[in-house]
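In what follows, a single structure is set out as structure tokens and then discussed.
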Amino acid sequence: MQTWLHEKFKSEISLSELIFNYDEFKDLEFPKPGSLVLEKIRESYLFCMASFQINELLFANQNISLNPKDVLRPDFVLYAAETQSLIIVELKNLKGPTREVGTEVGAYAAEIKSYLPFLADGEVINVIISTEWPVLLRHYIVNEIMWLNRNMICLEPVEHEHEIALRIVDPAVIADGDLRFSISGQQLGGYHLCLYDYEAISKGDYFRMESHENQIRTALNAMSAKGNSLRTHGFAFLWRNIYEVGLAPYTITLVNYSSFQALPYSLIDPAYVPNDTAMRFLQVIRDHAPEGHGQMLNKISEAGERFLKTFCEPRPEYFTDWANLKPQIFEETDALAFVSWGIFEELFFERLVKEYELIDSDYRHDNPLLAIAMLNEIIDETKLDVDWGALDFDDTDDESFFE
């Protein structure tokens, strides 16, 4: 495969000419309702394919490392003139390198940025060519596309009309049948950032902070921008007490995705047997219960607090998960605004587009009621109770995990 591709690229044959179902794929229809994973993979494929028309071979199995002591040899690096992008092509033909593909692709892109420091992730196209798609590789690709917004496409070598050709792998194969995008409320951790105004309240002016509402909304936008720059996924609501109860008239509820909390949900599958590495992570979750209240969430909060400290005292309180935070936003309060970042921002704007198309409405871009309707559809608030006592951390073959 390496030799065949090398000869084609040297002959100035582009990837689009090597993929026999290139045009066919563009016309395929994919079900959108409840299939965000599938749609995201398809979008990634189409984005990559836009760079496959005119390709120039830059490197073929050459060491691209700046440090002569290191060896980084991508199979191929191509230049796409039409999109001014770089294409990294990685072959996985043997069972051995399966675990290494993700690490290698990331390392190649990082090293290229040593030469082109302002190269954006969106200007790097990742092409993985493989004869097989084991679960580890599929999960890596879905994670890169869904959560890190990387541009990836999967191809496989086939025989077409008695010649070697490449075929685009069906996105459903990569999605592994998990077409419904759903998040557990336990995977979303956060807290209330309470905005205290002691001086105003002492003078009986409970809602003096209303005159600073533009600054508060600016703080929300700063949080959203920070969340996106950190490549995290979350959202925030601005709300206020309507019965003048407590010393914080306004509150911003910050919520971020907790990556650790996803692992215990693998235990629901009776066929899943965690290996030693998974057991070690499960032990961390059991002992420390990380809910997403880490440095990332603090950074997001700090980005907004810069705009708040001039007129109030912001203080984080009530560190818990979304299931516990949500009722306090919408019970006897006035929800004012919503912002989001990462996948939640994409989902919310998709929801806005649909609302604009279906009905004659003029929803604000930060409408909190529309946001909670969207969140209620994708967040499963069923609580997962793991019987940690049934997990034998000394015997990874024990499949009795739950009461």
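Here's how to read the names in the structure tokens: chain A, B, ... by the order shown, residue numbers from 1 in each chain, ligand numbers from 1 in the order shown.
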
Those of segment 211-377 of chain A in DSSP strand (DSSP E), formatted as a PyMOL selection string: chain A and resi 234-241+250-257+313-321+333-341

Shell around Ser14 of chain A at 7 Å using only C-alpha atoms, local window under 6 positions removed, as a PyMOL selection string: chain A and resi 52-55

Long-range neighbours of Ser229 of chain A as a PyMOL selection string, 10 Å cut-off, only C-alpha atoms, 6 positions minimum in chain: chain A and resi 223+300+341-342

Best match for closeness to Thr251 of chain A among A:Ala303, A:Leu282, A:Asp334, A:Pro264, counting only C-alpha atoms: A:Asp334

Picked from segment 144-195 of chain A by DSSP as helix (DSSP H, G or I), as an MDAnalysis selection string: chainID A and resid 144:146 171:175 185:187

Residues from the last selection, C-alpha atoms, saved as a PDB file, in the first residue's frame:
```
ATOM      1  CA  GLU A 144     -11.105  13.123  17.969  1.00  0.00           C
ATOM      2  CA  ILE A 145     -14.071  14.149  15.820  1.00  0.00           C
ATOM      3  CA  MET A 146     -16.773  14.583  18.480  1.00  0.00           C
ATOM      4  CA  PRO A 171     -19.534   6.469   9.168  1.00  0.00           C
ATOM      5  CA  ALA A 172     -21.874   3.972  10.858  1.00  0.00           C
ATOM      6  CA  VAL A 173     -18.962   1.519  11.084  1.00  0.00           C
ATOM      7  CA  ILE A 174     -16.853   4.102  12.912  1.00  0.00           C
ATOM      8  CA  ALA A 175     -19.777   5.168  15.110  1.00  0.00           C
ATOM      9  CA  GLY A 185     -26.252  14.245  34.220  1.00  0.00           C
ATOM     10  CA  GLN A 186     -23.577  12.646  36.404  1.00  0.00           C
ATOM     11  CA  GLN A 187     -21.008  13.440  33.722  1.00  0.00           C
TER      12      GLN A 187
END
```

Please identify all polymer residues within 9 Å of Phe349 of chain A, counting only C-alpha atoms, omitting same-chain residues fewer than 5 positions from it, and present them as a CSV table (one decimal) with N, CA and C atoms, in the first residue's frame.
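Written file, out_29.csv:
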```
chain,number,residue,atom,x,y,z
A,344,PHE,N,-21.9,21.5,23.2
A,344,PHE,CA,-23.2,22.1,23.7
A,344,PHE,C,-23.5,23.4,22.9
A,354,LYS,N,-33.3,25.4,13.7
A,354,LYS,CA,-34.6,24.6,13.5
A,354,LYS,C,-35.8,25.5,14.0
A,365,HIS,N,-30.3,34.8,21.0
A,365,HIS,CA,-29.2,33.8,20.9
A,365,HIS,C,-28.8,33.2,22.2
```

Spatial neighbours of Leu91 of chain A, 10 Å, only C-alpha atoms, chain gap at least 3 places, as JSON, numbers by chain: {"A": [1, 2, 74, 75, 76, 94, 97, 101, 127, 128, 129, 130, 131, 155, 156]}

Separation of atom CA of Arg280 of chain A from atom CA of Leu267 of chain A in Å: 14.1 Å

May I have the residues within 6 Å of Tyr250 of chain A as a tab-separated table (two decimals) with C-alpha atoms, in the first residue's frame, using only C-alpha atoms and disregarding those fewer than 6 positions away in the same chain?
```
chain	number	residue	atom	x	y	z
A	195	LEU	CA	-22.69	37.40	42.79
A	239	TRP	CA	-30.44	33.77	36.80
A	240	ARG	CA	-31.65	35.94	39.68
```

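Nearest residue to Ser258 of chain A among A:Lys226, A:Lys69, A:Lys10, A:His293 is A:His293, counting only C-alpha atoms.
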